[in-house]
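**Q** Compact mmCIF, C-alpha atoms, file structure08.txt:
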# COMPACT_ATOMS: atom_id res chain seq x y z
CA MET A 14 -66.65 -58.36 -4.43
CA LYS A 15 -62.84 -58.55 -4.72
CA LYS A 16 -62.88 -55.48 -7.00
CA ARG A 17 -64.90 -53.51 -4.44
CA VAL A 18 -62.51 -54.44 -1.60
CA LEU A 19 -59.55 -53.39 -3.76
CA MET A 20 -61.15 -50.02 -4.55
CA ILE A 21 -61.82 -49.39 -0.84
CA ALA A 22 -58.22 -50.29 0.04
CA LEU A 23 -56.86 -47.95 -2.63
CA ALA A 24 -59.09 -45.12 -1.38
CA LEU A 25 -57.88 -45.65 2.18
CA LEU A 26 -54.27 -45.72 1.00
CA THR A 27 -54.77 -42.42 -0.83
CA LEU A 28 -56.15 -40.85 2.32
CA GLY A 29 -53.26 -42.24 4.31
CA LEU A 30 -50.73 -40.64 1.98
CA LEU A 31 -52.07 -37.16 2.56
CA SER A 32 -50.27 -34.83 4.96
CA VAL A 33 -52.15 -33.07 7.72
CA LYS A 34 -51.67 -29.43 8.64
CA ILE A 35 -52.41 -27.98 12.05
CA SER A 36 -54.36 -24.73 12.04
CA PRO A 37 -53.05 -21.74 13.99
CA ILE A 38 -54.89 -20.84 17.19
CA SER A 39 -55.46 -17.27 16.04
CA ALA A 40 -56.03 -15.27 12.90
CA PRO A 41 -53.00 -13.71 11.14
CA PRO A 42 -51.79 -10.86 13.37
CA THR A 43 -52.19 -7.18 12.57
CA SER A 44 -49.04 -5.28 11.56
CA PRO A 45 -46.79 -4.36 13.30
CA TYR A 46 -46.74 -7.75 14.94
CA ILE A 47 -44.83 -10.20 17.07
CA ALA A 48 -45.60 -13.74 15.92
CA VAL A 49 -44.63 -17.39 16.21
CA VAL A 50 -43.16 -18.44 12.86
CA PRO A 51 -43.81 -20.84 11.24
CA SER A 52 -47.47 -21.33 12.07
CA PRO A 53 -49.21 -23.61 11.34
CA SER A 54 -46.74 -26.44 11.87
CA ASP A 55 -46.77 -30.00 10.56
CA PRO A 56 -47.44 -32.59 13.25
CA ILE A 57 -44.31 -34.08 14.79
CA MET A 58 -43.52 -37.33 16.57
CA ILE A 59 -42.27 -37.99 20.07
CA ASN A 60 -38.49 -37.29 20.28
CA TRP A 61 -38.56 -35.02 17.22
CA ASP A 62 -37.13 -31.50 17.54
CA PHE A 63 -38.45 -28.40 15.81
CA THR A 64 -37.60 -24.71 15.99
CA VAL A 65 -39.86 -21.68 15.85
CA SER A 66 -38.82 -18.05 15.59
CA ILE A 67 -40.52 -15.24 17.44
CA SER A 68 -40.42 -12.62 14.69
CA THR A 69 -41.58 -9.09 13.94
CA ASP A 70 -42.35 -7.17 10.76
CA TYR A 71 -41.85 -3.76 12.43
CA TYR A 72 -39.99 -1.20 10.31
CA ASN A 73 -39.44 2.52 10.80
CA GLU A 74 -36.60 4.48 9.19
CA THR A 75 -36.03 6.76 12.20
CA GLN A 76 -37.22 4.74 15.20
CA ASP A 77 -35.11 1.67 15.92
CA VAL A 78 -36.09 -1.28 18.06
CA TRP A 79 -34.59 -0.75 21.54
CA GLY A 80 -35.73 -3.85 23.37
CA TRP A 81 -38.19 -6.72 23.58
CA ASN A 82 -39.58 -9.18 26.10
CA VAL A 83 -41.25 -12.49 25.30
CA LEU A 84 -43.19 -14.70 27.70
CA LEU A 85 -44.13 -17.91 25.90
CA THR A 86 -46.14 -20.80 27.32
CA PHE A 87 -46.69 -24.38 26.11
CA ASN A 88 -48.05 -27.72 27.31
CA PRO A 89 -45.22 -29.41 29.28
CA ALA A 90 -46.89 -32.81 28.94
CA VAL A 91 -46.42 -32.57 25.16
CA LEU A 92 -43.34 -30.38 24.63
CA GLU A 93 -40.10 -29.38 26.29
CA VAL A 94 -37.73 -26.56 25.37
CA ILE A 95 -34.15 -27.63 24.72
CA GLU A 96 -32.61 -24.39 23.42
CA VAL A 97 -33.24 -20.64 23.32
CA ALA A 98 -31.11 -18.50 20.98
CA ASN A 99 -30.99 -14.75 20.46
CA GLY A 100 -32.21 -13.46 17.10
CA ASP A 101 -30.78 -10.88 14.70
CA LEU A 102 -32.31 -7.60 15.91
CA ILE A 103 -30.55 -6.79 19.18
CA THR A 104 -27.01 -8.16 19.12
CA THR A 105 -23.57 -7.23 20.41
CA ALA A 106 -22.43 -7.08 16.78
CA LYS A 107 -24.62 -3.97 16.46
CA ASP A 108 -23.75 -2.48 19.83
CA SER A 109 -21.65 -3.87 22.69
CA SER A 110 -24.29 -2.77 25.19
CA ALA A 111 -26.76 -5.39 23.92
CA THR A 112 -27.97 -7.74 26.66
CA PHE A 113 -29.84 -11.02 26.13
CA VAL A 114 -31.40 -13.08 28.93
CA SER A 115 -33.58 -16.19 29.01
CA HIS A 116 -35.10 -18.62 31.48
CA ILE A 117 -36.67 -22.01 30.69
CA ASN A 118 -39.15 -23.73 32.99
CA ASN A 119 -40.16 -27.07 31.47
CA THR A 120 -42.04 -28.03 34.62
CA ILE A 121 -44.78 -25.46 34.09
CA GLY A 122 -44.21 -24.96 30.35
CA GLU A 123 -42.83 -21.44 30.17
CA VAL A 124 -39.99 -19.51 28.53
CA SER A 125 -39.18 -15.96 29.63
CA THR A 126 -36.65 -14.15 27.46
CA GLY A 127 -35.69 -10.65 26.43
CA ALA A 128 -33.04 -8.36 24.98
CA PHE A 129 -32.29 -4.63 25.11
CA PHE A 130 -29.65 -1.99 24.49
CA TYR A 131 -28.25 0.31 27.17
CA TYR A 132 -27.53 3.13 24.74
CA ALA A 133 -29.44 6.42 24.61
CA GLN A 134 -28.17 7.01 21.11
CA PRO A 135 -26.05 4.54 19.11
CA ALA A 136 -22.39 5.39 18.76
CA THR A 137 -22.35 4.46 15.08
CA PRO A 138 -25.15 4.55 12.49
CA TYR A 139 -27.02 1.27 12.07
CA THR A 140 -30.56 -0.01 12.16
CA THR A 141 -32.26 -2.43 14.50
CA ASN A 142 -35.46 -2.39 12.51
CA GLY A 143 -37.28 -5.45 11.33
CA PRO A 144 -38.42 -7.50 9.79
CA GLY A 145 -36.32 -9.79 11.87
CA VAL A 146 -36.11 -12.49 14.52
CA LEU A 147 -36.31 -11.65 18.20
CA VAL A 148 -35.53 -15.15 19.45
CA SER A 149 -35.48 -18.76 18.22
CA ILE A 150 -36.82 -21.54 20.45
CA THR A 151 -36.21 -25.24 19.86
CA PHE A 152 -38.76 -27.72 21.22
CA ARG A 153 -38.77 -31.51 21.56
CA GLY A 154 -41.88 -33.65 21.50
CA VAL A 155 -42.16 -35.59 24.77
CA GLY A 156 -45.75 -36.84 24.80
CA THR A 157 -48.73 -37.30 22.52
CA GLY A 158 -51.30 -34.53 22.28
CA TYR A 159 -51.70 -30.92 21.26
CA SER A 160 -49.85 -27.89 22.54
CA ASN A 161 -50.50 -24.23 21.96
CA ILE A 162 -47.42 -22.04 21.65
CA THR A 163 -48.76 -18.86 23.18
CA LEU A 164 -47.22 -15.40 23.48
CA GLU A 165 -48.58 -14.12 26.77
CA LYS A 166 -49.63 -10.56 27.65
CA GLU A 167 -46.16 -9.72 29.02
CA THR A 168 -44.77 -9.87 25.46
CA ILE A 169 -43.67 -6.43 24.20
CA LEU A 170 -41.57 -4.79 21.49
CA GLN A 171 -40.05 -1.39 22.38
CA ARG A 172 -38.33 1.61 20.83
CA TYR A 173 -36.32 4.38 22.45
CA ASP A 174 -36.92 8.05 21.67
CA PRO A 175 -33.83 10.17 22.54
CA TRP A 176 -34.94 13.25 20.65
CA THR A 177 -37.80 14.64 22.78
CA THR A 178 -38.13 13.48 26.36
CA PRO A 179 -35.89 10.40 26.37
CA GLU A 180 -38.22 7.50 27.01
CA VAL A 181 -38.94 3.91 26.00
CA TYR A 182 -42.18 3.39 24.07
CA ASN A 183 -44.01 0.17 23.30
CA ILE A 184 -44.36 -0.62 19.60
CA VAL A 185 -46.32 -3.80 20.30
CA ASP A 186 -47.87 -4.57 23.68
CA ALA A 187 -49.60 -7.96 23.81
CA TYR A 188 -51.69 -6.89 26.80
CA ILE A 189 -53.42 -4.01 25.03
CA GLN A 190 -52.83 -5.10 21.40
CA PRO A 191 -53.79 -8.79 21.28
CA ASP A 192 -54.54 -8.56 17.55
CA ASN A 193 -50.87 -7.67 16.91
CA VAL A 194 -49.65 -10.96 18.37
CA GLY A 195 -49.63 -14.30 16.53
CA HIS A 196 -49.52 -17.68 18.27
CA GLY A 197 -48.89 -21.25 17.16
CA THR A 198 -49.93 -24.81 17.89
CA VAL A 199 -48.53 -28.28 17.21
CA MET A 200 -49.62 -31.90 17.42
CA VAL A 201 -47.23 -34.55 18.75
CA THR A 202 -48.02 -38.14 17.81
CA ILE A 203 -46.64 -41.68 18.20
CA PRO A 204 -43.38 -42.59 16.43
CA GLY A 205 -44.38 -44.14 13.11
CA ASP A 206 -47.73 -42.35 12.81
CA VAL A 207 -46.85 -40.74 9.47
CA THR A 208 -50.50 -40.41 8.42
CA TYR A 209 -51.26 -38.39 11.58
CA ASP A 210 -54.45 -40.29 12.40
CA LYS A 211 -53.33 -40.94 16.01
CA THR A 212 -52.64 -44.63 15.40
CA VAL A 213 -49.86 -46.72 13.86
CA ASP A 214 -51.19 -49.24 11.36
CA VAL A 215 -50.55 -50.77 7.94
CA PHE A 216 -51.24 -47.47 6.19
CA ASP A 217 -48.29 -45.89 7.98
CA ILE A 218 -46.04 -48.74 6.84
CA LEU A 219 -47.30 -48.33 3.27
CA LYS A 220 -46.65 -44.58 3.32
CA ILE A 221 -43.09 -45.09 4.56
CA LYS A 222 -42.47 -47.61 1.76
CA TYR A 223 -44.00 -45.18 -0.75
CA HIS A 224 -41.41 -42.54 0.18
CA ARG A 225 -38.43 -44.78 0.90
CA SER A 226 -35.06 -43.55 -0.29
CA GLY A 227 -34.08 -46.96 -1.60
CA PRO A 228 -32.87 -49.26 -2.82
CA PRO A 229 -35.23 -49.51 -4.53
CA PRO A 230 -36.54 -45.95 -4.12
CA GLY A 231 -40.24 -45.50 -3.56
CA PRO A 232 -42.34 -43.68 -6.17
CA GLY A 233 -43.25 -40.84 -3.80
CA GLY A 234 -39.76 -39.38 -3.42
CA PHE A 235 -38.17 -38.27 -0.17
CA ASN A 236 -40.58 -36.71 2.33
CA PRO A 237 -38.99 -35.44 5.58
CA SER A 238 -42.25 -35.87 7.49
CA VAL A 239 -41.96 -39.64 6.88
CA ASP A 240 -38.34 -39.87 8.09
CA VAL A 241 -39.40 -41.45 11.37
CA ASN A 242 -35.95 -41.60 12.98
CA GLN A 243 -34.86 -38.24 11.47
CA ASP A 244 -31.59 -39.55 10.01
CA GLY A 245 -32.05 -37.99 6.57
CA SER A 246 -33.04 -41.23 4.85
CA ILE A 247 -36.28 -43.19 4.63
CA ASP A 248 -35.38 -46.86 4.89
CA VAL A 249 -35.92 -50.13 6.71
CA PHE A 250 -35.00 -48.53 10.04
CA ASP A 251 -37.99 -46.17 9.77
CA ILE A 252 -40.19 -49.17 9.01
CA LEU A 253 -38.80 -51.00 12.05
CA VAL A 254 -39.63 -48.05 14.33
CA ALA A 255 -43.18 -47.96 12.98
CA LYS A 256 -43.54 -51.73 13.42
CA ALA A 257 -42.35 -51.43 17.01
CA HIS A 258 -45.35 -49.15 17.66
CA LEU A 259 -47.83 -51.03 15.44
CA GLY A 260 -51.29 -51.00 16.98
CA GLU A 261 -50.61 -48.12 19.37
CA SER A 262 -53.03 -45.19 19.37
CA TRP A 263 -54.00 -42.18 21.43
Could I get this file's structure written as C-alpha cells?

**A**
Amino acid sequence: MKKRVLMIALALLTLGLLSVKISPISAPPTSPYIAVVPSPSDPIMINWDFTVSISTDYYNETQDVWGWNVLLTFNPAVLEVIEVANGDLITTAKDSSATFVSHINNTIGEVSTGAFFYYAQPATPYTTNGPGVLVSITFRGVGTGYSNITLEKETILQRYDPWTTPEVYNIVDAYIQPDNVGHGTVMVTIPGDVTYDKTVDVFDILKIKYHRSGPPPGPGGFNPSVDVNQDGSIDVFDILVAKAHLGESW
C-alpha cells in the first residue's frame, strides 16, 4: 500500500513539474502579416510584467513601409498596459519627419498607436522594410483569468507610392485581410502557482524547491517561470510568497 501511495505521489510530482503553454487564438498568419510576437505565451502571475512586439515580415526592395496603425484590445480585468514603445521601422533616425503617437485606455482594455512619415520621397536612401517591429507593448498581470491580445480591424500597414499617382496603399488591412493578422492570448494566475493548475498547493512548493538557485541548488536548474518574485533568483523568498497563497485557487 505504501509503495502504491509513493508511486502516485511521484506521478503527481512529475505532472506538477511540467510547464504549460497557452495556445494562440488564431492560426499562424498569412504573409505579409502583422502579428503579436511572441505567441503563444507562458502563463504569468499577478504583478508580473511581460512585453509583446507587434511585428511584420513585410519586405519589398522598392516599396518601403510608409506608416502603420495598431488598435489592440485586451481584458482589463486581467491585464493593464504600463508602457508603449515605438519599434524599429518608422523612426526619426531614418527620417526626421517620422511621427509616433499612442494612447492607452486601461479602463476598457485598449491601446491605439501608430507611426508614419511625412515625406513623399526620402531625402537620403534607406529602407523601412521589414521584417521588423512596429511597436512594443508591456503588460502587467492584475487579476486571474485569461486575456486575448487582439489586433482589431483598424490595424493596417501602409506604403507610399510616389512614382505614379502619389498615394498611400495598404499592405495589410486587418478589416479585409483577417488571415494576415496574428493575435495572442495569456493566462494570469495566482502568485506561487508555478504548475499553472489554478491553485497553490504542495506541488508548487516542491517545484520551486526543485529549481531553487541555492544553497543548496535544486536539481532542476534555474527556471525563470518559477522565479515567483521575479528577482532573478529562486530561493526561500519565492517559497514564502507561495506559502502566503497556499490553498488559494480560481

**Q** Find, counting only C-alpha atoms, the residue in A:Ile117, A:Tyr188, A:Lys256, A:Trp263 that gets nearest to Thr151 in chain A.

**A** A:Ile117

**Q** Between A:Thr141, A:Thr105, A:Ala98, A:Pro41, which has the minimum distance to Glu74 in chain A (counting only C-alpha atoms)?

**A**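 Ranking A:Thr141, A:Thr105, A:Ala98, A:Pro41 by distance to Glu74 in chain A, first place goes to A:Thr141.
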
**Q** In Å, rounded to a single decimal, give me how far CA of Asn118 in chain A is from CA of Glu96 in chain A.

**A**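 About the pair CA of Glu96 in chain A and CA of Asn118 in chain A: they are 11.6 Å apart.
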
**Q** Edge lengths and centre in Å to one decimal, as lines of an AutoDock Vina configuration file, is what I'm after for the box along x, y and z that holds all listed atoms of range 180-198 of chain A once 6 Å is added on each side.

**A**
center_x = -46.4
center_y = -8.7
center_z = 21.8
size_x = 28.3
size_y = 44.3
size_z = 22.5

**Q** Can you pull out every residue within 12 Å of Asn236 in chain A, counting all atoms listed in the file, but drop anything in the same chain fewer than 3 positions away, and send it as a list of chain:residue names?

**A**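 Neighbouring residues, sequence-local ones excluded: A:Leu30, A:Leu31, A:Ser32, A:Val207, A:Lys220, A:Ile221, A:Lys222, A:Tyr223, A:His224, A:Arg225, A:Ser226, A:Pro230, A:Gly231, A:Pro232, A:Gly233, A:Val239, A:Asp240, A:Val241, A:Gln243, A:Gly245, A:Ser246, A:Ile247, A:Asp248.
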
**Q** Considering all atoms listed in the file, can you say which of A:Ala128, A:Leu259, A:Val185, A:Val148 comes closest to Ser44 in chain A?

**A**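 Looking only at the distances to Ser44 in chain A, the closest residue turns out to be A:Val185.
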
**Q** Which distance in Å separates CA of Ile57 in chain A and CA of Asn82 in chain A, to one decimal?

**A** 27.8 Å

**Q** Between A:Val181, A:Ile67, A:Ile162, A:Leu253, which one has atoms that come closest to Thr126 in chain A, using all atoms listed in the file?

**A**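 When distances to Thr126 in chain A are compared using all atoms listed in the file, the smallest one comes from A:Ile67.
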
**Q** Do you have the CA of Val91 in chain A-CA of Asn161 in chain A distance handy?

**A** 9.8 Å

**Q** Using all atoms listed in the file, which of the listed residues (A:Pro191, A:Pro237, A:Pro42, A:Pro89) sits closest to Glu165 in chain A?

**A** A:Pro191

**Q** Would you list the residues near (-40.3, -23.6, 31.6), meaning any protein, DNA or RNA residue with an atom at most 12 Å from that point in file coordinates, counting only C-alpha atoms, as a PyMOL selection string?

**A** chain A and resi 84-90+92-97+115-126+150+152

**Q** Write out, as a CSV table (one decimal), keeping the file's coordinate frame, the residues just selected, with C-alpha atoms.

**A**
chain,number,residue,atom,x,y,z
A,84,LEU,CA,-43.2,-14.7,27.7
A,85,LEU,CA,-44.1,-17.9,25.9
A,86,THR,CA,-46.1,-20.8,27.3
A,87,PHE,CA,-46.7,-24.4,26.1
A,88,ASN,CA,-48.0,-27.7,27.3
A,89,PRO,CA,-45.2,-29.4,29.3
A,90,ALA,CA,-46.9,-32.8,28.9
A,92,LEU,CA,-43.3,-30.4,24.6
A,93,GLU,CA,-40.1,-29.4,26.3
A,94,VAL,CA,-37.7,-26.6,25.4
A,95,ILE,CA,-34.2,-27.6,24.7
A,96,GLU,CA,-32.6,-24.4,23.4
A,97,VAL,CA,-33.2,-20.6,23.3
A,115,SER,CA,-33.6,-16.2,29.0
A,116,HIS,CA,-35.1,-18.6,31.5
A,117,ILE,CA,-36.7,-22.0,30.7
A,118,ASN,CA,-39.2,-23.7,33.0
A,119,ASN,CA,-40.2,-27.1,31.5
A,120,THR,CA,-42.0,-28.0,34.6
A,121,ILE,CA,-44.8,-25.5,34.1
A,122,GLY,CA,-44.2,-25.0,30.4
A,123,GLU,CA,-42.8,-21.4,30.2
A,124,VAL,CA,-40.0,-19.5,28.5
A,125,SER,CA,-39.2,-16.0,29.6
A,126,THR,CA,-36.6,-14.2,27.5
A,150,ILE,CA,-36.8,-21.5,20.4
A,152,PHE,CA,-38.8,-27.7,21.2

**Q** Please identify all polymer residues within 10 Å of Asp77 in chain A, counting all atoms listed in the file, omitting same-chain residues fewer than 2 positions from it, and present them as a PDB file with C-alpha atoms, in the coordinates of the input.

**A**
ATOM      1  CA  TYR A  71     -41.850  -3.760  12.430  1.00  0.00           C
ATOM      2  CA  TYR A  72     -39.990  -1.200  10.310  1.00  0.00           C
ATOM      3  CA  ASN A  73     -39.440   2.520  10.800  1.00  0.00           C
ATOM      4  CA  GLU A  74     -36.600   4.480   9.190  1.00  0.00           C
ATOM      5  CA  THR A  75     -36.030   6.760  12.200  1.00  0.00           C
ATOM      6  CA  TRP A  79     -34.590  -0.750  21.540  1.00  0.00           C
ATOM      7  CA  GLY A  80     -35.730  -3.850  23.370  1.00  0.00           C
ATOM      8  CA  LEU A 102     -32.310  -7.600  15.910  1.00  0.00           C
ATOM      9  CA  TYR A 139     -27.020   1.270  12.070  1.00  0.00           C
ATOM     10  CA  THR A 140     -30.560  -0.010  12.160  1.00  0.00           C
ATOM     11  CA  THR A 141     -32.260  -2.430  14.500  1.00  0.00           C
ATOM     12  CA  ASN A 142     -35.460  -2.390  12.510  1.00  0.00           C
ATOM     13  CA  GLY A 143     -37.280  -5.450  11.330  1.00  0.00           C
ATOM     14  CA  GLN A 171     -40.050  -1.390  22.380  1.00  0.00           C
ATOM     15  CA  ARG A 172     -38.330   1.610  20.830  1.00  0.00           C
ATOM     16  CA  TYR A 173     -36.320   4.380  22.450  1.00  0.00           C
ATOM     17  CA  ASP A 174     -36.920   8.050  21.670  1.00  0.00           C
TER      18      ASP A 174
END

**Q** Which one is closest to Tyr209 in chain A: A:Gly197, A:Pro56, A:Pro45, A:Gly145? Count only C-alpha atoms.

**A**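 Ranking A:Gly197, A:Pro56, A:Pro45, A:Gly145 by distance to Tyr209 in chain A, first place goes to A:Pro56.
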
**Q** Need the shell around Gln190 in chain A: protein/DNA/RNA residues with any atom at most 12 Å away, counting only C-alpha atoms. Skip same-chain ones fewer than 2 positions apart. Format as a list in words?

**A** Pro42, Thr43, Ser44, Pro45, Tyr46, Ile47, Leu164, Glu165, Lys166, Glu167, Thr168, Ile169, Leu170, Asn183, Ile184, Val185, Asp186, Ala187, Tyr188, Asp192, Asn193, Val194 and Gly195 of chain A

**Q** Fewer than 2 positions away in the same chain doesn't count, so skip those; otherwise give me all residues within 8 Å of Asn242 in chain A, counting all atoms listed in the file, as a ChimeraX atom specification.

**A** /A:240,244,250-251,254

**Q** Write a file of the selected residues as a PDB file, in the coordinates of the input, keeping C-alpha atoms.

**A**
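Contents of part.pdb, freshly written:
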ATOM      1  CA  ASP A 240     -38.340 -39.870   8.090  1.00  0.00           C
ATOM      2  CA  ASP A 244     -31.590 -39.550  10.010  1.00  0.00           C
ATOM      3  CA  PHE A 250     -35.000 -48.530  10.040  1.00  0.00           C
ATOM      4  CA  ASP A 251     -37.990 -46.170   9.770  1.00  0.00           C
ATOM      5  CA  VAL A 254     -39.630 -48.050  14.330  1.00  0.00           C
TER       6      VAL A 254
END

**Q** Applying 8 Å and only C-alpha atoms, which residues near Gly100 in chain A remain after dropping the ones on its own chain fewer than 3 positions away? List them as a ChimeraX atom specification.

**A** /A:103-104,145-149

**Q** Missing atoms in range 193-213 of chain A should be modelled up to N, CA and C atoms and reported as a PDB file, keeping the file's coordinate frame.

**A**
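Full text of out28.pdb as output:
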ATOM      1  N   ASN A 193     -52.198  -7.844  17.510  1.00  0.00           N
ATOM      2  CA  ASN A 193     -50.870  -7.670  16.910  1.00  0.00           C
ATOM      3  C   ASN A 193     -49.909  -8.785  17.329  1.00  0.00           C
ATOM      4  N   VAL A 194     -50.457  -9.833  17.897  1.00  0.00           N
ATOM      5  CA  VAL A 194     -49.650 -10.960  18.370  1.00  0.00           C
ATOM      6  C   VAL A 194     -50.174 -12.240  17.730  1.00  0.00           C
ATOM      7  N   GLY A 195     -49.255 -13.042  17.171  1.00  0.00           N
ATOM      8  CA  GLY A 195     -49.630 -14.300  16.530  1.00  0.00           C
ATOM      9  C   GLY A 195     -49.058 -15.498  17.266  1.00  0.00           C
ATOM     10  N   HIS A 196     -49.905 -16.496  17.509  1.00  0.00           N
ATOM     11  CA  HIS A 196     -49.520 -17.680  18.270  1.00  0.00           C
ATOM     12  C   HIS A 196     -49.356 -18.890  17.348  1.00  0.00           C
ATOM     13  N   GLY A 197     -49.037 -20.023  17.932  1.00  0.00           N
ATOM     14  CA  GLY A 197     -48.890 -21.250  17.160  1.00  0.00           C
ATOM     15  C   GLY A 197     -49.464 -22.437  17.909  1.00  0.00           C
ATOM     16  N   THR A 198     -49.481 -23.581  17.258  1.00  0.00           N
ATOM     17  CA  THR A 198     -49.930 -24.810  17.890  1.00  0.00           C
ATOM     18  C   THR A 198     -49.297 -25.988  17.146  1.00  0.00           C
ATOM     19  N   VAL A 199     -49.152 -27.104  17.833  1.00  0.00           N
ATOM     20  CA  VAL A 199     -48.530 -28.280  17.210  1.00  0.00           C
ATOM     21  C   VAL A 199     -49.151 -29.545  17.786  1.00  0.00           C
ATOM     22  N   MET A 200     -49.182 -30.581  16.972  1.00  0.00           N
ATOM     23  CA  MET A 200     -49.620 -31.900  17.420  1.00  0.00           C
ATOM     24  C   MET A 200     -48.406 -32.816  17.494  1.00  0.00           C
ATOM     25  N   VAL A 201     -48.289 -33.562  18.593  1.00  0.00           N
ATOM     26  CA  VAL A 201     -47.230 -34.550  18.750  1.00  0.00           C
ATOM     27  C   VAL A 201     -47.891 -35.926  18.771  1.00  0.00           C
ATOM     28  N   THR A 202     -47.392 -36.823  17.930  1.00  0.00           N
ATOM     29  CA  THR A 202     -48.020 -38.140  17.810  1.00  0.00           C
ATOM     30  C   THR A 202     -47.001 -39.253  18.045  1.00  0.00           C
ATOM     31  N   ILE A 203     -47.456 -40.491  17.925  1.00  0.00           N
ATOM     32  CA  ILE A 203     -46.640 -41.680  18.200  1.00  0.00           C
ATOM     33  C   ILE A 203     -45.579 -41.851  17.112  1.00  0.00           C
ATOM     34  N   PRO A 204     -44.368 -42.282  17.463  1.00  0.00           N
ATOM     35  CA  PRO A 204     -43.380 -42.590  16.430  1.00  0.00           C
ATOM     36  C   PRO A 204     -43.929 -43.610  15.433  1.00  0.00           C
ATOM     37  N   GLY A 205     -43.860 -43.264  14.159  1.00  0.00           N
ATOM     38  CA  GLY A 205     -44.380 -44.140  13.110  1.00  0.00           C
ATOM     39  C   GLY A 205     -45.733 -43.738  12.588  1.00  0.00           C
ATOM     40  N   ASP A 206     -46.416 -42.818  13.270  1.00  0.00           N
ATOM     41  CA  ASP A 206     -47.730 -42.350  12.810  1.00  0.00           C
ATOM     42  C   ASP A 206     -47.540 -41.278  11.741  1.00  0.00           C
ATOM     43  N   VAL A 207     -47.156 -41.692  10.542  1.00  0.00           N
ATOM     44  CA  VAL A 207     -46.850 -40.740   9.470  1.00  0.00           C
ATOM     45  C   VAL A 207     -48.098 -40.269   8.739  1.00  0.00           C
ATOM     46  N   THR A 208     -49.246 -40.893   9.009  1.00  0.00           N
ATOM     47  CA  THR A 208     -50.500 -40.410   8.420  1.00  0.00           C
ATOM     48  C   THR A 208     -51.244 -39.492   9.379  1.00  0.00           C
ATOM     49  N   TYR A 209     -50.723 -39.321  10.586  1.00  0.00           N
ATOM     50  CA  TYR A 209     -51.260 -38.390  11.580  1.00  0.00           C
ATOM     51  C   TYR A 209     -52.720 -38.657  11.945  1.00  0.00           C
ATOM     52  N   ASP A 210     -53.087 -39.950  12.006  1.00  0.00           N
ATOM     53  CA  ASP A 210     -54.450 -40.290  12.400  1.00  0.00           C
ATOM     54  C   ASP A 210     -54.511 -40.827  13.825  1.00  0.00           C
ATOM     55  N   LYS A 211     -53.425 -40.592  14.593  1.00  0.00           N
ATOM     56  CA  LYS A 211     -53.330 -40.940  16.010  1.00  0.00           C
ATOM     57  C   LYS A 211     -53.221 -42.432  16.267  1.00  0.00           C
ATOM     58  N   THR A 212     -52.860 -43.194  15.244  1.00  0.00           N
ATOM     59  CA  THR A 212     -52.640 -44.630  15.400  1.00  0.00           C
ATOM     60  C   THR A 212     -51.564 -45.072  14.429  1.00  0.00           C
ATOM     61  N   VAL A 213     -50.862 -46.154  14.767  1.00  0.00           N
ATOM     62  CA  VAL A 213     -49.860 -46.720  13.860  1.00  0.00           C
ATOM     63  C   VAL A 213     -50.417 -48.029  13.310  1.00  0.00           C
TER      64      VAL A 213
END
